[in-house]
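*Asks:* Just one file: data38.pdb, with PDB, C-alpha atoms.
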```
ATOM      1  CA  MET A   1      21.734-101.842 -66.105
ATOM      2  CA  THR A   2      22.161-102.807 -62.899
ATOM      3  CA  LEU A   3      20.697-101.148 -60.267
ATOM      4  CA  GLU A   4      22.727-100.564 -57.403
ATOM      5  CA  PRO A   5      21.151 -99.804 -54.254
ATOM      6  CA  LYS A   6      21.350 -96.243 -53.590
ATOM      7  CA  GLN A   7      22.253 -94.947 -50.375
ATOM      8  CA  PRO A   8      19.523 -93.225 -48.681
ATOM      9  CA  LEU A   9      19.803 -89.570 -48.746
ATOM     10  CA  PRO A  10      20.264 -88.033 -45.437
ATOM     11  CA  VAL A  11      17.119 -86.526 -44.202
ATOM     12  CA  THR A  12      17.604 -83.014 -43.247
ATOM     13  CA  ALA A  13      14.994 -81.036 -41.607
ATOM     14  CA  PRO A  14      14.321 -77.644 -42.940
ATOM     15  CA  ALA A  15      16.157 -74.997 -41.034
ATOM     16  CA  ILE A  16      13.980 -73.349 -38.484
ATOM     17  CA  ALA A  17      14.974 -69.977 -37.367
ATOM     18  CA  VAL A  18      15.117 -69.931 -33.634
ATOM     19  CA  GLU A  19      15.181 -66.553 -32.057
ATOM     20  CA  ALA A  20      17.390 -66.033 -29.123
ATOM     21  CA  PRO A  21      15.597 -64.824 -26.045
ATOM     22  CA  PRO A  22      15.620 -61.044 -25.884
ATOM     23  CA  LYS A  23      18.474 -59.621 -23.951
ATOM     24  CA  GLN A  24      17.589 -57.757 -20.819
ATOM     25  CA  LEU A  25      18.435 -54.184 -21.468
ATOM     26  CA  THR A  26      19.573 -52.376 -18.422
ATOM     27  CA  VAL A  27      18.517 -48.767 -18.569
ATOM     28  CA  PRO A  28      20.180 -46.640 -15.980
ATOM     29  CA  ALA A  29      17.610 -45.170 -13.653
ATOM     30  CA  VAL A  30      17.077 -41.495 -14.294
ATOM     31  CA  VAL A  31      17.334 -39.671 -11.005
ATOM     32  CA  PRO A  32      15.900 -36.180 -11.298
ATOM     33  CA  LYS A  33      18.135 -33.480 -10.005
ATOM     34  CA  PRO A  34      16.571 -31.561  -7.127
ATOM     35  CA  VAL A  35      15.221 -28.224  -8.212
ATOM     36  CA  PRO A  36      16.322 -25.501  -5.845
ATOM     37  CA  ARG A  37      13.423 -23.731  -4.199
ATOM     38  CA  PRO A  38      13.223 -20.007  -4.598
ATOM     39  CA  ALA A  39      14.430 -18.124  -1.594
ATOM     40  CA  ARG A  40      11.653 -17.372   0.838
ATOM     41  CA  LYS A  41      10.662 -13.805   1.118
ATOM     42  CA  ALA A  42      10.718 -12.230   4.487
ATOM     43  CA  ARG A  43       7.363 -12.349   6.159
ATOM     44  CA  ARG A  44       7.432  -8.635   6.601
ATOM     45  CA  PRO A  45       9.001  -6.535   3.926
ATOM     46  CA  ALA A  46      11.896  -4.506   5.089
ATOM     47  CA  ARG A  47      10.739  -1.066   6.061
ATOM     48  CA  PRO A  48      12.244   1.628   3.942
ATOM     49  CA  GLU A  49      14.030   4.314   5.792
ATOM     50  CA  LEU A  50      11.524   6.830   6.966
ATOM     51  CA  ALA A  51      11.875  10.093   5.182
ATOM     52  CA  VAL A  52      12.689  12.892   7.535
ATOM     53  CA  ARG A  53      10.288  15.727   7.033
ATOM     54  CA  PRO A  54      11.561  19.196   7.530
ATOM     55  CA  GLU A  55      10.097  20.774  10.626
ATOM     56  CA  ARG A  56       7.261  23.082   9.669
ATOM     57  CA  GLN A  57       6.799  26.336  11.395
ATOM     58  CA  PRO A  58       3.346  27.146  12.697
ATOM     59  CA  ILE A  59       1.334  29.116  10.213
ATOM     60  CA  ASP A  60      -0.027  32.541  11.024
ATOM     61  CA  PRO A  61      -3.778  32.080  11.553
ATOM     62  CA  LYS A  62      -4.363  35.354   9.706
ATOM     63  CA  VAL A  63      -3.536  33.582   6.422
ATOM     64  CA  LEU A  64      -6.690  31.489   6.895
ATOM     65  CA  VAL A  65      -8.940  34.512   6.322
ATOM     66  CA  GLY A  66     -10.297  34.397   2.766
ATOM     67  CA  LEU A  67      -9.477  30.732   2.148
ATOM     68  CA  ASN A  68     -12.204  28.362   1.002
ATOM     69  CA  GLN A  69     -12.842  25.087   2.840
ATOM     70  CA  ALA A  70     -10.320  23.159   0.739
ATOM     71  CA  GLY A  71      -7.640  25.759   1.497
ATOM     72  CA  VAL A  72      -8.243  25.608   5.232
ATOM     73  CA  ARG A  73      -8.302  21.797   5.144
ATOM     74  CA  SER A  74      -5.011  21.832   3.257
ATOM     75  CA  ALA A  75      -3.473  24.137   5.864
ATOM     76  CA  LEU A  76      -4.910  22.593   9.040
ATOM     77  CA  GLY A  77      -6.263  19.154   8.177
ATOM     78  CA  ASN A  78      -9.738  17.870   8.965
ATOM     79  CA  PRO A  79     -11.538  19.596  11.834
ATOM     80  CA  LYS A  80     -12.391  17.748  15.018
ATOM     81  CA  ARG A  81     -15.976  19.006  14.860
ATOM     82  CA  ILE A  82     -18.187  21.007  12.451
ATOM     83  CA  GLU A  83     -21.194  23.125  13.390
ATOM     84  CA  THR A  84     -23.567  24.926  11.060
ATOM     85  CA  GLY A  85     -25.367  28.158  11.856
ATOM     86  CA  ARG A  86     -28.002  30.094   9.936
ATOM     87  CA  LEU A  87     -25.445  31.680   7.640
ATOM     88  CA  SER A  88     -22.153  30.355   8.952
ATOM     89  CA  LEU A  89     -20.148  27.188   9.148
ATOM     90  CA  SER A  90     -17.687  26.626  12.030
ATOM     91  CA  TRP A  91     -14.793  24.195  12.120
ATOM     92  CA  PHE A  92     -13.224  23.329  15.478
ATOM     93  CA  TYR A  93      -9.664  22.182  16.097
ATOM     94  CA  ASP A  94      -8.617  20.947  19.536
ATOM     95  CA  ALA A  95      -5.338  20.590  21.397
ATOM     96  CA  PRO A  96      -4.670  19.852  25.046
ATOM     97  CA  GLY A  97      -5.651  23.001  26.909
ATOM     98  CA  CYS A  98      -7.282  24.981  24.116
ATOM     99  CA  SER A  99      -9.371  24.928  20.955
ATOM    100  CA  MET A 100      -9.578  27.008  17.820
ATOM    101  CA  GLN A 101     -12.617  27.875  15.725
ATOM    102  CA  VAL A 102     -12.516  28.895  12.059
ATOM    103  CA  ILE A 103     -15.754  30.521  10.918
ATOM    104  CA  PHE A 104     -16.834  30.427   7.281
ATOM    105  CA  TYR A 105     -19.447  32.623   5.630
ATOM    106  CA  PRO A 106     -20.866  32.272   2.136
ATOM    107  CA  SER A 107     -19.362  34.369  -0.611
ATOM    108  CA  LEU A 108     -22.013  36.390  -2.425
ATOM    109  CA  ASP A 109     -20.121  36.025  -5.702
ATOM    110  CA  SER A 110     -19.628  32.274  -5.834
ATOM    111  CA  GLY A 111     -21.987  30.905  -3.204
ATOM    112  CA  SER A 112     -19.131  28.914  -1.645
ATOM    113  CA  PHE A 113     -17.929  29.334   1.942
ATOM    114  CA  HIS A 114     -14.756  31.257   2.794
ATOM    115  CA  ALA A 115     -13.061  31.709   6.151
ATOM    116  CA  LEU A 116     -13.877  35.155   7.495
ATOM    117  CA  LYS A 117     -12.591  34.963  11.047
ATOM    118  CA  PHE A 118     -11.111  32.687  13.675
ATOM    119  CA  SER A 119     -11.057  32.581  17.436
ATOM    120  CA  SER A 120      -9.465  30.473  20.111
ATOM    121  CA  VAL A 121     -10.139  29.741  23.763
ATOM    122  CA  ASP A 122      -8.271  28.010  26.546
ATOM    123  CA  ALA A 123      -9.586  25.087  28.588
ATOM    124  CA  ASP A 124     -11.548  27.493  30.816
ATOM    125  CA  GLY A 125     -13.199  29.222  27.847
ATOM    126  CA  ASP A 126     -11.123  32.379  28.121
ATOM    127  CA  PRO A 127     -10.139  33.920  24.781
ATOM    128  CA  LEU A 128      -6.594  33.461  23.523
ATOM    129  CA  ASP A 129      -4.734  35.693  21.145
ATOM    130  CA  ALA A 130      -3.541  34.349  17.804
ATOM    131  CA  ASP A 131       0.058  34.292  19.000
ATOM    132  CA  SER A 132      -0.569  32.036  22.016
ATOM    133  CA  ALA A 133       1.471  28.883  22.428
ATOM    134  CA  CYS A 134      -1.657  26.715  22.404
ATOM    135  CA  VAL A 135      -2.919  28.099  19.091
ATOM    136  CA  SER A 136       0.585  27.722  17.665
ATOM    137  CA  SER A 137       0.626  24.070  18.738
ATOM    138  CA  ILE A 138      -2.707  23.458  16.958
ATOM    139  CA  LEU A 139      -1.474  25.115  13.814
ATOM    140  CA  MET A 140       1.897  23.348  13.903
ATOM    141  CA  ALA A 141       0.440  19.909  14.703
ATOM    142  CA  ARG A 142      -2.091  20.129  11.893
ATOM    143  CA  GLY A 143       0.478  21.481   9.465
ATOM    144  CA  ASN A 144       2.964  18.721  10.313
ATOM    145  CA  ALA A 145       0.335  16.015   9.911
ATOM    146  CA  HIS A 146       0.563  16.292   6.111
TER     147      HIS A 146
END
```
Would you write the structure of this file as structure tokens?
*Replies:*
Amino acid sequence: MTLEPKQPLPVTAPAIAVEAPPKQLTVPAVVPKPVPRPARKARRPARPELAVRPERQPIDPKVLVGLNQAGVRSALGNPKRIETGRLSLSWFYDAPGCSMQVIFYPSLDSGSFHALKFSSVDADGDPLDADSACVSSILMARGNAH
């Protein structure tokens, strides 16, 4: 047997996996959409239309007699001044040129005060009748204040 020289086998290197460099991914920039702001409120709220009150007629001061303090307050409003006596309580209402006094006395039945009488005077201290224009203006002004 003859030996023939063999040709050398080609030397091959083992295959090495070479990774390709990562591709640059281009991500589109996300631009946030502007959020609309809520509408600004007016600094002062709109004033509702003022309700028109019907014109009240002056009350007859005679209806005050017999009312308790809450009833007189409801009819005339809060007095300008209050004075207490030994047995009485007086409420004073003023208007330009005159004043009116409502006098309360205690009720023997309930112990609460009830209007028993009223009087009015002009700016000079002279008595006025219940139908005078000044007393009517007090009664109308207080009645319309509610």
*Asks:* So which residues get picked by the PyMOL selection byres ((chain A and resi 65) around 10) here, written as a list in words?
*Replies:* Pro61, Lys62, Val63, Leu64, Gly66, Leu67, Asn68, Val72, Val102, Ile103, Phe104, His114, Ala115, Leu116, Lys117 and Phe118 of chain A
*Asks:* Could you tell me how far CA of Asp109 in chain A lies from CA of Leu139 in chain A, in Å and to one decimal?
*Replies:*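 Atom-to-atom, CA of Asp109 in chain A to CA of Leu139 in chain A, that is 29.1 Å.
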*Asks:* When you draw a straight line from CA of Leu128 in chain A to CA of Leu87 in chain A, how long is it in Å?
*Replies:*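 Here the two named atoms are 24.7 Å from each other.
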*Asks:* Can you measure CA of Val121 in chain A to CA of Cys98 in chain A for me? One decimal in Å is fine.
*Replies:*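 Here the two named atoms are 5.6 Å from each other.
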*Asks:* Ranking A:Leu108, A:Ser74, A:Pro34, A:Asp60 by minimum distance to Asp129 in chain A and counting all atoms listed in the file, which one comes first?
*Replies:* A:Asp60
*Asks:* Check the smallest atom-to-atom distance from each of A:Pro36, A:Ser88, A:Gly125, A:Ala130 to Ser112 in chain A using all atoms listed in the file, then report the winner.
*Replies:*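 Answer, going by the shortest atom-to-atom distance: A:Ser88.
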*Asks:* What do you get, as a PyMOL selection string, if you spell out every residue that the PyMOL selection byres ((chain A and resi 84) around 12) selects here?
*Replies:* chain A and resi 81-83+85-92+102-106+113
*Asks:* Keeping only C-alpha atoms, write those residues as a CSV table (one decimal), keeping the file's coordinate frame.
*Replies:*
```csv
chain,number,residue,atom,x,y,z
A,81,ARG,CA,-16.0,19.0,14.9
A,82,ILE,CA,-18.2,21.0,12.5
A,83,GLU,CA,-21.2,23.1,13.4
A,85,GLY,CA,-25.4,28.2,11.9
A,86,ARG,CA,-28.0,30.1,9.9
A,87,LEU,CA,-25.4,31.7,7.6
A,88,SER,CA,-22.2,30.4,9.0
A,89,LEU,CA,-20.1,27.2,9.1
A,90,SER,CA,-17.7,26.6,12.0
A,91,TRP,CA,-14.8,24.2,12.1
A,92,PHE,CA,-13.2,23.3,15.5
A,102,VAL,CA,-12.5,28.9,12.1
A,103,ILE,CA,-15.8,30.5,10.9
A,104,PHE,CA,-16.8,30.4,7.3
A,105,TYR,CA,-19.4,32.6,5.6
A,106,PRO,CA,-20.9,32.3,2.1
A,113,PHE,CA,-17.9,29.3,1.9
```
*Asks:* Of the candidates A:Ala123, A:Leu76, A:Val35, A:Ala70, which shows the shortest atom-to-atom distance to Met140 in chain A, using only C-alpha atoms?
*Replies:*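 Checking each candidate against Met140 in chain A, we get A:Leu76 as the closest.
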*Asks:* Using the chain letters and numbers from the file, which residues does the PyMOL selection byres ((chain A and resi 93) around 6) grab, as a PyMOL selection string?
*Replies:* chain A and resi 79-80+92+94+99-100
*Asks:* Kindly indicate which residue among A:Gly77, A:Ala39, A:Gln69, A:Ser136 lies nearest to Ser107 in chain A, using all atoms listed in the file for the distances.
*Replies:*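 Closest to Ser107 in chain A of all the choices is A:Gln69.
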